[in-house]
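See below for coords_34.cif, which holds mmCIF, C-alpha atoms.
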data_upload
#
loop_
_atom_site.group_PDB
_atom_site.id
_atom_site.type_symbol
_atom_site.label_atom_id
_atom_site.label_comp_id
_atom_site.auth_asym_id
_atom_site.auth_seq_id
_atom_site.Cartn_x
_atom_site.Cartn_y
_atom_site.Cartn_z
ATOM 1 C CA MET W 1 181.724 78.433 -217.551
ATOM 2 C CA VAL W 2 183.665 79.278 -214.420
ATOM 3 C CA ARG W 3 184.990 75.836 -213.419
ATOM 4 C CA GLU W 4 186.618 77.008 -210.196
ATOM 5 C CA LYS W 5 183.333 78.354 -208.847
ATOM 6 C CA SER W 6 181.466 75.151 -209.716
ATOM 7 C CA ILE W 7 184.232 73.037 -208.185
ATOM 8 C CA LYS W 8 184.037 75.108 -204.996
ATOM 9 C CA LEU W 9 180.250 74.675 -204.778
ATOM 10 C CA LEU W 10 180.453 70.967 -205.566
ATOM 11 C CA ASN W 11 183.072 70.525 -202.825
ATOM 12 C CA LEU W 12 180.842 72.400 -200.382
ATOM 13 C CA ALA W 13 178.156 69.857 -201.258
ATOM 14 C CA VAL W 14 180.614 66.975 -200.756
ATOM 15 C CA ASN W 15 181.294 68.344 -197.267
ATOM 16 C CA GLU W 16 177.559 68.656 -196.591
ATOM 17 C CA GLU W 17 176.928 65.088 -197.727
ATOM 18 C CA LEU W 18 179.850 63.648 -195.733
ATOM 19 C CA ILE W 19 178.613 65.289 -192.538
ATOM 20 C CA THR W 20 175.124 63.996 -193.312
ATOM 21 C CA VAL W 21 176.441 60.447 -193.815
ATOM 22 C CA HIS W 22 178.247 60.602 -190.464
ATOM 23 C CA GLN W 23 175.235 62.092 -188.690
ATOM 24 C CA TYR W 24 172.763 59.602 -190.136
ATOM 25 C CA MET W 25 175.022 56.653 -189.360
ATOM 26 C CA TYR W 26 175.215 57.896 -185.774
ATOM 27 C CA PHE W 27 171.405 58.101 -185.742
ATOM 28 C CA HIS W 28 171.279 54.580 -187.204
ATOM 29 C CA PHE W 29 173.524 53.252 -184.411
ATOM 30 C CA ARG W 30 171.665 55.191 -181.718
ATOM 31 C CA CYS W 31 168.183 54.107 -182.870
ATOM 32 C CA ASP W 32 169.398 50.531 -183.189
ATOM 33 C CA ASP W 33 170.745 50.629 -179.635
ATOM 34 C CA LEU W 34 167.407 51.986 -178.396
ATOM 35 C CA GLY W 35 165.553 49.172 -180.151
ATOM 36 C CA TYR W 36 163.875 51.384 -182.755
ATOM 37 C CA GLU W 37 164.472 49.018 -185.652
ATOM 38 C CA LEU W 38 162.454 50.822 -188.328
ATOM 39 C CA LEU W 39 163.972 54.228 -187.582
ATOM 40 C CA SER W 40 167.417 52.639 -187.449
ATOM 41 C CA GLN W 41 167.030 51.024 -190.857
ATOM 42 C CA MET W 42 165.600 54.225 -192.342
ATOM 43 C CA PHE W 43 168.684 56.186 -191.252
ATOM 44 C CA LYS W 44 171.012 53.487 -192.557
ATOM 45 C CA ARG W 45 169.273 53.438 -195.953
ATOM 46 C CA ILE W 46 169.297 57.231 -196.252
ATOM 47 C CA ALA W 47 172.970 57.399 -195.216
ATOM 48 C CA ILE W 48 173.776 55.057 -198.100
ATOM 49 C CA VAL W 49 171.854 57.319 -200.494
ATOM 50 C CA GLU W 50 173.862 60.272 -199.188
ATOM 51 C CA MET W 51 177.086 58.315 -199.874
ATOM 52 C CA ILE W 52 175.940 57.924 -203.469
ATOM 53 C CA HIS W 53 175.489 61.695 -203.586
ATOM 54 C CA VAL W 54 179.147 62.103 -202.567
ATOM 55 C CA GLU W 55 180.130 59.832 -205.429
ATOM 56 C CA MET W 56 178.043 61.778 -207.963
ATOM 57 C CA LEU W 57 179.494 65.088 -206.788
ATOM 58 C CA ALA W 58 183.047 63.714 -206.843
ATOM 59 C CA GLU W 59 182.624 62.468 -210.396
ATOM 60 C CA ARG W 60 181.497 65.927 -211.493
ATOM 61 C CA ILE W 61 184.405 67.617 -209.685
ATOM 62 C CA LEU W 62 186.884 65.264 -211.347
ATOM 63 C CA TYR W 63 185.282 65.870 -214.749
ATOM 64 C CA LEU W 64 185.839 69.591 -214.182
ATOM 65 C CA LYS W 65 189.515 68.781 -213.399
ATOM 66 C CA GLY W 66 189.147 69.696 -209.744
ATOM 67 C CA GLU W 67 190.277 67.954 -206.589
ATOM 68 C CA VAL W 68 187.676 66.292 -204.391
ATOM 69 C CA GLU W 69 187.946 67.502 -200.803
ATOM 70 C CA MET W 70 186.981 64.520 -198.645
ATOM 71 C CA ILE W 71 187.397 66.088 -195.213
ATOM 72 C CA PRO W 72 184.050 66.784 -193.548
ATOM 73 C CA HIS W 73 183.941 70.106 -191.706
ATOM 74 C CA GLY W 74 181.372 70.059 -188.960
ATOM 75 C CA LYS W 75 180.356 68.306 -185.810
ATOM 76 C CA ILE W 76 178.082 65.380 -185.175
ATOM 77 C CA ALA W 77 175.102 66.115 -182.941
ATOM 78 C CA TYR W 78 174.921 63.443 -180.253
ATOM 79 C CA ILE W 79 171.182 63.139 -179.765
ATOM 80 C CA ALA W 80 169.485 60.147 -178.144
ATOM 81 C CA ASP W 81 165.858 61.312 -178.121
ATOM 82 C CA PRO W 82 163.953 60.052 -181.210
ATOM 83 C CA LYS W 83 162.065 63.341 -181.581
ATOM 84 C CA GLY W 84 165.318 65.318 -181.403
ATOM 85 C CA ILE W 85 166.933 62.939 -183.889
ATOM 86 C CA LEU W 86 164.112 63.409 -186.400
ATOM 87 C CA GLU W 87 164.044 67.181 -185.894
ATOM 88 C CA LYS W 88 167.800 67.390 -186.534
ATOM 89 C CA ALA W 89 167.486 65.239 -189.671
ATOM 90 C CA TYR W 90 164.609 67.400 -190.938
ATOM 91 C CA GLU W 91 166.675 70.539 -190.286
ATOM 92 C CA MET W 92 169.682 69.086 -192.135
ATOM 93 C CA GLU W 93 167.567 68.234 -195.194
ATOM 94 C CA THR W 94 166.021 71.714 -195.172
ATOM 95 C CA THR W 95 169.487 73.290 -195.150
ATOM 96 C CA SER W 96 170.641 71.066 -198.013
ATOM 97 C CA ILE W 97 167.558 71.866 -200.080
ATOM 98 C CA ASN W 98 168.056 75.607 -199.625
ATOM 99 C CA GLU W 99 171.785 75.479 -200.377
ATOM 100 C CA TYR W 100 171.463 73.160 -203.377
ATOM 101 C CA ASN W 101 168.731 75.325 -204.893
ATOM 102 C CA ALA W 102 170.945 78.406 -204.524
ATOM 103 C CA TRP W 103 174.015 76.587 -205.853
ATOM 104 C CA ALA W 104 172.037 75.303 -208.837
ATOM 105 C CA GLN W 105 171.173 78.888 -209.695
ATOM 106 C CA GLU W 106 174.799 79.969 -209.344
ATOM 107 C CA CYS W 107 175.998 77.178 -211.623
ATOM 108 C CA GLY W 108 173.292 78.034 -214.152
ATOM 109 C CA ALA W 109 174.327 81.692 -214.114
ATOM 110 C CA ASP W 110 177.909 80.565 -214.819
ATOM 111 C CA LEU W 111 176.741 78.439 -217.785
ATOM 112 C CA ASP W 112 177.461 75.131 -216.050
ATOM 113 C CA SER W 113 174.223 73.346 -216.862
ATOM 114 C CA ALA W 114 175.478 69.899 -215.849
ATOM 115 C CA SER W 115 176.343 71.007 -212.303
ATOM 116 C CA LYS W 116 173.079 72.947 -212.151
ATOM 117 C CA THR W 117 171.164 69.805 -213.093
ATOM 118 C CA LEU W 118 173.101 67.724 -210.573
ATOM 119 C CA PHE W 119 172.157 70.125 -207.777
ATOM 120 C CA GLU W 120 168.528 70.128 -208.941
ATOM 121 C CA ASP W 121 168.493 66.323 -208.944
ATOM 122 C CA LEU W 122 169.917 66.289 -205.430
ATOM 123 C CA VAL W 123 167.195 68.695 -204.299
ATOM 124 C CA LYS W 124 164.540 66.216 -205.413
ATOM 125 C CA VAL W 125 166.059 63.425 -203.338
ATOM 126 C CA GLU W 126 166.630 65.654 -200.305
ATOM 127 C CA GLU W 127 162.986 66.743 -200.491
ATOM 128 C CA GLU W 128 161.983 63.062 -200.356
ATOM 129 C CA HIS W 129 164.128 62.604 -197.247
ATOM 130 C CA GLN W 130 162.702 65.756 -195.697
ATOM 131 C CA ASP W 131 159.179 64.487 -196.366
ATOM 132 C CA GLN W 132 160.007 61.130 -194.794
ATOM 133 C CA PHE W 133 161.376 62.783 -191.641
ATOM 134 C CA GLU W 134 158.324 65.042 -191.468
ATOM 135 C CA THR W 135 156.069 61.975 -191.720
ATOM 136 C CA GLU W 136 158.001 60.272 -188.906
ATOM 137 C CA LEU W 137 157.702 63.406 -186.760
ATOM 138 C CA ASP W 138 153.958 63.509 -187.456
ATOM 139 C CA ASN W 139 153.653 59.830 -186.487
ATOM 140 C CA LEU W 140 155.531 60.495 -183.266
ATOM 141 C CA LYS W 141 153.377 63.531 -182.503
ATOM 142 C CA GLN W 142 150.160 61.663 -183.231
ATOM 143 C CA LEU W 143 150.969 58.359 -181.566
ATOM 144 C CA GLY W 144 153.627 59.339 -179.025
ATOM 145 C CA ASP W 145 155.167 56.490 -177.064
ATOM 146 C CA LYS W 146 152.883 54.016 -178.850
ATOM 147 C CA TYR W 147 154.777 54.751 -182.058
ATOM 148 C CA LEU W 148 158.113 54.032 -180.396
ATOM 149 C CA ALA W 149 156.705 50.882 -178.821
ATOM 150 C CA LEU W 150 155.784 49.647 -182.295
ATOM 151 C CA GLN W 151 159.404 50.173 -183.298
ATOM 152 C CA SER W 152 160.558 48.006 -180.383
ATOM 153 C CA VAL W 153 158.041 45.288 -181.216
ATOM 154 C CA GLU W 154 159.541 45.049 -184.691
ATOM 155 C CA ARG W 155 162.964 44.381 -183.136
ATOM 156 C CA SER W 156 161.480 41.764 -180.797
ATOM 157 C CA LYS W 157 159.820 39.993 -183.714
ATOM 158 C CA GLN W 158 163.100 39.846 -185.607
ATOM 159 C CA VAL W 159 164.965 38.461 -182.611
ATOM 160 C CA ALA W 160 162.229 35.924 -181.891
ATOM 161 C CA PHE W 161 162.342 34.655 -185.463
ATOM 162 C CA GLY W 162 166.150 34.526 -185.595
ATOM 163 C CA LYS W 163 166.630 37.483 -187.943
ATOM 164 C CA GLY W 164 168.785 39.714 -185.776
ATOM 165 C CA GLY W 165 169.908 40.626 -182.327
ATOM 166 C CA ASP W 166 172.989 38.385 -182.261
#
Give the structure from the file, written as structure tokens.
Amino acid sequence: MVREKSIKLLNLAVNEELITVHQYMYFHFRCDDLGYELLSQMFKRIAIVEMIHVEMLAERILYLKGEVEMIPHGKIAYIADPKGILEKAYEMETTSINEYNAWAQECGADLDSASKTLFEDLVKVEEEHQDQFETELDNLKQLGDKYLALQSVERSKQVAFGKGGD
């Protein structure tokens, strides 16, 4: 096994996940500000899952006696339009899926089955996120502004019943 190569790939994934956490938290804040409660909560929940991915990757790096690089390299996309937000999220998941599949193969070729399996497990979760974003985009396409209005109604219901909006 070539530990250095696996550590490098795992750290690339840490970077990817950190940027994703930052981006999805921005989307959470933005959707919340726009009153799109369900989209906001979806982004918050997925950002937390992505944080768990960072932890899993870091544990593997440390096991391999590497140093975890916790500095995200990349920029946050400041998007306010719900369609643009969902398209960006879908694009990010697609990139992660493609990279993690390739990195799994590289780790496997270097006889690092544990890192290979970790990347494969991450692919499964990222595919679930990608599917969820695709579903949201389909809902938006099908229902248009009605879909977004439903999101706002959810916020209004929560405020009316004293469950948010302080």
Result set of the PyMOL selection byres ((chain W and resi 101) around 12) on the coordinates above, as a list in words: Leu9, Ala13, Thr94, Thr95, Ser96, Ile97, Asn98, Glu99, Tyr100, Ala102, Trp103, Ala104, Gln105, Glu106, Cys107, Gly108, Ser115, Lys116, Thr117, Leu118, Phe119, Glu120, Asp121, Leu122, Val123, Lys124, Glu126 and Glu127 of chain W
Expanded to explicit residues, what is the PyMOL selection byres ((chain W and resi 42) around 12) for this file, as a PDB file with C-alpha atoms, keeping the file's coordinate frame?
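And here is the file that came out, expr.pdb:
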ATOM      1  CA  TYR W  24     172.763  59.602-190.136  1.00  0.00           C
ATOM      2  CA  MET W  25     175.022  56.653-189.360  1.00  0.00           C
ATOM      3  CA  PHE W  27     171.405  58.101-185.742  1.00  0.00           C
ATOM      4  CA  HIS W  28     171.279  54.580-187.204  1.00  0.00           C
ATOM      5  CA  PHE W  29     173.524  53.252-184.411  1.00  0.00           C
ATOM      6  CA  CYS W  31     168.183  54.107-182.870  1.00  0.00           C
ATOM      7  CA  ASP W  32     169.398  50.531-183.189  1.00  0.00           C
ATOM      8  CA  TYR W  36     163.875  51.384-182.755  1.00  0.00           C
ATOM      9  CA  GLU W  37     164.472  49.018-185.652  1.00  0.00           C
ATOM     10  CA  LEU W  38     162.454  50.822-188.328  1.00  0.00           C
ATOM     11  CA  LEU W  39     163.972  54.228-187.582  1.00  0.00           C
ATOM     12  CA  SER W  40     167.417  52.639-187.449  1.00  0.00           C
ATOM     13  CA  GLN W  41     167.030  51.024-190.857  1.00  0.00           C
ATOM     14  CA  PHE W  43     168.684  56.186-191.252  1.00  0.00           C
ATOM     15  CA  LYS W  44     171.012  53.487-192.557  1.00  0.00           C
ATOM     16  CA  ARG W  45     169.273  53.438-195.953  1.00  0.00           C
ATOM     17  CA  ILE W  46     169.297  57.231-196.252  1.00  0.00           C
ATOM     18  CA  ALA W  47     172.970  57.399-195.216  1.00  0.00           C
ATOM     19  CA  ILE W  48     173.776  55.057-198.100  1.00  0.00           C
ATOM     20  CA  VAL W  49     171.854  57.319-200.494  1.00  0.00           C
ATOM     21  CA  LEU W  86     164.112  63.409-186.400  1.00  0.00           C
ATOM     22  CA  ALA W  89     167.486  65.239-189.671  1.00  0.00           C
ATOM     23  CA  HIS W 129     164.128  62.604-197.247  1.00  0.00           C
ATOM     24  CA  GLN W 132     160.007  61.130-194.794  1.00  0.00           C
ATOM     25  CA  PHE W 133     161.376  62.783-191.641  1.00  0.00           C
ATOM     26  CA  GLU W 136     158.001  60.272-188.906  1.00  0.00           C
ATOM     27  CA  GLN W 151     159.404  50.173-183.298  1.00  0.00           C
TER      28      GLN W 151
END
Atomic distance CA of Ser113 (chain W) - CA of Arg60 (chain W), expressed in Å with one decimal: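 Taking CA of Ser113 (chain W) and CA of Arg60 (chain W), their separation equals 11.7 Å.
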Using all atoms listed in the file: which of W:Ser6, W:Thr20, W:Asn15, W:Thr135 has the shortest distance to Ile61 (chain W):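 So, comparing all the options, the nearest one is W:Ser6.
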Atomic separation - CA of His22 (chain W) relative to CA of Tyr78 (chain W), Å: 11.1 Å
Within-10 Å shell of (159.7, 65.1, -186.9) in input frame, all atoms listed in the file, as a PyMOL selection string: chain W and resi 82-91+130-141
CA of Ile19 (chain W) to CA of Asp81 (chain W), distance in Å rounded to a single decimal: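 Atom-to-atom, CA of Ile19 (chain W) and CA of Asp81 (chain W) are spaced 19.7 Å apart.
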Selected residue of minimal separation from Lys65 (chain W) among W:Ala114, W:Tyr147, W:Val2, W:Ile7, counting all atoms listed in the file: W:Ile7
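Distances here use only C-alpha atoms; by that measure, the residue among W:Leu10, W:Val54, W:Ala149, W:Ala80 closest to Tyr26 (chain W) is W:Ala80.
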From the block you just saw, export region 68-98 of chain W: N, CA, C and O atoms, as an mmCIF file, in the first residue's frame.
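Listed below is the output, selection_4.cif:
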data_model
loop_
_atom_site.group_PDB
_atom_site.id
_atom_site.type_symbol
_atom_site.label_atom_id
_atom_site.label_comp_id
_atom_site.auth_asym_id
_atom_site.auth_seq_id
_atom_site.Cartn_x
_atom_site.Cartn_y
_atom_site.Cartn_z
ATOM 1 N N VAL W 68 -4.174 15.649 8.825
ATOM 2 C CA VAL W 68 -5.438 16.081 8.237
ATOM 3 C C VAL W 68 -5.327 17.560 7.878
ATOM 4 O O VAL W 68 -5.008 18.381 8.734
ATOM 5 N N GLU W 69 -5.558 17.868 6.631
ATOM 6 C CA GLU W 69 -5.498 19.251 6.152
ATOM 7 C C GLU W 69 -6.904 19.838 6.193
ATOM 8 O O GLU W 69 -7.743 19.507 5.370
ATOM 9 N N MET W 70 -7.134 20.729 7.155
ATOM 10 C CA MET W 70 -8.474 21.254 7.423
ATOM 11 C C MET W 70 -8.710 22.642 6.830
ATOM 12 O O MET W 70 -9.551 23.379 7.305
ATOM 13 N N ILE W 71 -8.003 22.985 5.792
ATOM 14 C CA ILE W 71 -8.179 24.290 5.164
ATOM 15 C C ILE W 71 -8.886 24.089 3.827
ATOM 16 O O ILE W 71 -8.312 23.537 2.897
ATOM 17 N N PRO W 72 -10.158 24.518 3.752
ATOM 18 C CA PRO W 72 -10.881 24.344 2.490
ATOM 19 C C PRO W 72 -10.323 25.265 1.407
ATOM 20 O O PRO W 72 -10.052 26.438 1.668
ATOM 21 N N HIS W 73 -10.115 24.709 0.232
ATOM 22 C CA HIS W 73 -9.619 25.473 -0.912
ATOM 23 C C HIS W 73 -10.759 25.563 -1.915
ATOM 24 O O HIS W 73 -11.147 24.577 -2.515
ATOM 25 N N GLY W 74 -11.297 26.731 -2.063
ATOM 26 C CA GLY W 74 -12.399 26.927 -2.986
ATOM 27 C C GLY W 74 -13.242 28.094 -2.530
ATOM 28 O O GLY W 74 -13.043 28.634 -1.437
ATOM 29 N N LYS W 75 -14.167 28.472 -3.381
ATOM 30 C CA LYS W 75 -14.996 29.623 -3.083
ATOM 31 C C LYS W 75 -16.448 29.204 -2.949
ATOM 32 O O LYS W 75 -16.906 28.272 -3.603
ATOM 33 N N ILE W 76 -17.148 29.921 -2.116
ATOM 34 C CA ILE W 76 -18.577 29.714 -1.942
ATOM 35 C C ILE W 76 -19.299 30.447 -3.065
ATOM 36 O O ILE W 76 -18.960 31.599 -3.385
ATOM 37 N N ALA W 77 -20.281 29.793 -3.649
ATOM 38 C CA ALA W 77 -21.117 30.424 -4.673
ATOM 39 C C ALA W 77 -22.280 31.105 -3.963
ATOM 40 O O ALA W 77 -23.052 30.448 -3.266
ATOM 41 N N TYR W 78 -22.381 32.404 -4.119
ATOM 42 C CA TYR W 78 -23.440 33.176 -3.474
ATOM 43 C C TYR W 78 -24.632 33.248 -4.429
ATOM 44 O O TYR W 78 -24.696 34.127 -5.283
ATOM 45 N N ILE W 79 -25.534 32.304 -4.240
ATOM 46 C CA ILE W 79 -26.695 32.157 -5.110
ATOM 47 C C ILE W 79 -27.943 32.331 -4.259
ATOM 48 O O ILE W 79 -28.054 31.734 -3.190
ATOM 49 N N ALA W 80 -28.884 33.151 -4.733
ATOM 50 C CA ALA W 80 -30.115 33.380 -3.983
ATOM 51 C C ALA W 80 -31.322 32.690 -4.615
ATOM 52 O O ALA W 80 -32.307 32.441 -3.949
ATOM 53 N N ASP W 81 -31.248 32.390 -5.882
ATOM 54 C CA ASP W 81 -32.350 31.770 -6.615
ATOM 55 C C ASP W 81 -32.454 30.285 -6.264
ATOM 56 O O ASP W 81 -31.459 29.555 -6.405
ATOM 57 N N PRO W 82 -33.609 29.816 -5.799
ATOM 58 C CA PRO W 82 -33.743 28.398 -5.409
ATOM 59 C C PRO W 82 -33.348 27.414 -6.513
ATOM 60 O O PRO W 82 -32.693 26.412 -6.236
ATOM 61 N N LYS W 83 -33.701 27.710 -7.751
ATOM 62 C CA LYS W 83 -33.325 26.817 -8.850
ATOM 63 C C LYS W 83 -31.803 26.774 -8.996
ATOM 64 O O LYS W 83 -31.209 25.704 -9.113
ATOM 65 N N GLY W 84 -31.162 27.938 -8.943
ATOM 66 C CA GLY W 84 -29.706 27.994 -9.037
ATOM 67 C C GLY W 84 -29.032 27.288 -7.876
ATOM 68 O O GLY W 84 -28.011 26.614 -8.048
ATOM 69 N N ILE W 85 -29.611 27.419 -6.683
ATOM 70 C CA ILE W 85 -29.088 26.751 -5.499
ATOM 71 C C ILE W 85 -29.114 25.236 -5.702
ATOM 72 O O ILE W 85 -28.123 24.541 -5.469
ATOM 73 N N LEU W 86 -30.257 24.732 -6.138
ATOM 74 C CA LEU W 86 -30.404 23.277 -6.331
ATOM 75 C C LEU W 86 -29.522 22.766 -7.467
ATOM 76 O O LEU W 86 -28.943 21.685 -7.365
ATOM 77 N N GLU W 87 -29.388 23.554 -8.527
ATOM 78 C CA GLU W 87 -28.509 23.149 -9.629
ATOM 79 C C GLU W 87 -27.062 23.073 -9.174
ATOM 80 O O GLU W 87 -26.332 22.135 -9.530
ATOM 81 N N LYS W 88 -26.628 24.055 -8.380
ATOM 82 C CA LYS W 88 -25.252 24.051 -7.857
ATOM 83 C C LYS W 88 -25.028 22.844 -6.947
ATOM 84 O O LYS W 88 -23.987 22.174 -7.032
ATOM 85 N N ALA W 89 -25.990 22.555 -6.076
ATOM 86 C CA ALA W 89 -25.865 21.409 -5.172
ATOM 87 C C ALA W 89 -25.798 20.107 -5.973
ATOM 88 O O ALA W 89 -24.976 19.230 -5.669
ATOM 89 N N TYR W 90 -26.630 19.981 -6.987
ATOM 90 C CA TYR W 90 -26.617 18.787 -7.838
ATOM 91 C C TYR W 90 -25.255 18.638 -8.523
ATOM 92 O O TYR W 90 -24.681 17.550 -8.554
ATOM 93 N N GLU W 91 -24.734 19.740 -9.025
ATOM 94 C CA GLU W 91 -23.421 19.743 -9.686
ATOM 95 C C GLU W 91 -22.315 19.324 -8.711
ATOM 96 O O GLU W 91 -21.423 18.543 -9.066
ATOM 97 N N MET W 92 -22.372 19.839 -7.484
ATOM 98 C CA MET W 92 -21.357 19.498 -6.485
ATOM 99 C C MET W 92 -21.390 18.007 -6.156
ATOM 100 O O MET W 92 -20.330 17.366 -6.043
ATOM 101 N N GLU W 93 -22.583 17.447 -6.010
ATOM 102 C CA GLU W 93 -22.699 16.010 -5.720
ATOM 103 C C GLU W 93 -22.190 15.185 -6.891
ATOM 104 O O GLU W 93 -21.521 14.166 -6.687
ATOM 105 N N THR W 94 -22.479 15.610 -8.103
ATOM 106 C CA THR W 94 -22.009 14.893 -9.294
ATOM 107 C C THR W 94 -20.485 14.863 -9.327
ATOM 108 O O THR W 94 -19.872 13.816 -9.578
ATOM 109 N N THR W 95 -19.869 16.002 -9.037
ATOM 110 C CA THR W 95 -18.401 16.074 -9.002
ATOM 111 C C THR W 95 -17.845 15.131 -7.944
ATOM 112 O O THR W 95 -16.898 14.381 -8.213
ATOM 113 N N SER W 96 -18.437 15.160 -6.751
ATOM 114 C CA SER W 96 -17.964 14.280 -5.675
ATOM 115 C C SER W 96 -18.092 12.816 -6.058
ATOM 116 O O SER W 96 -17.170 12.024 -5.825
ATOM 117 N N ILE W 97 -19.198 12.442 -6.637
ATOM 118 C CA ILE W 97 -19.420 11.054 -7.048
ATOM 119 C C ILE W 97 -18.337 10.623 -8.032
ATOM 120 O O ILE W 97 -17.734 9.559 -7.874
ATOM 121 N N ASN W 98 -18.090 11.451 -9.032
ATOM 122 C CA ASN W 98 -17.081 11.112 -10.043
ATOM 123 C C ASN W 98 -15.685 11.009 -9.435
ATOM 124 O O ASN W 98 -14.941 10.067 -9.717
#
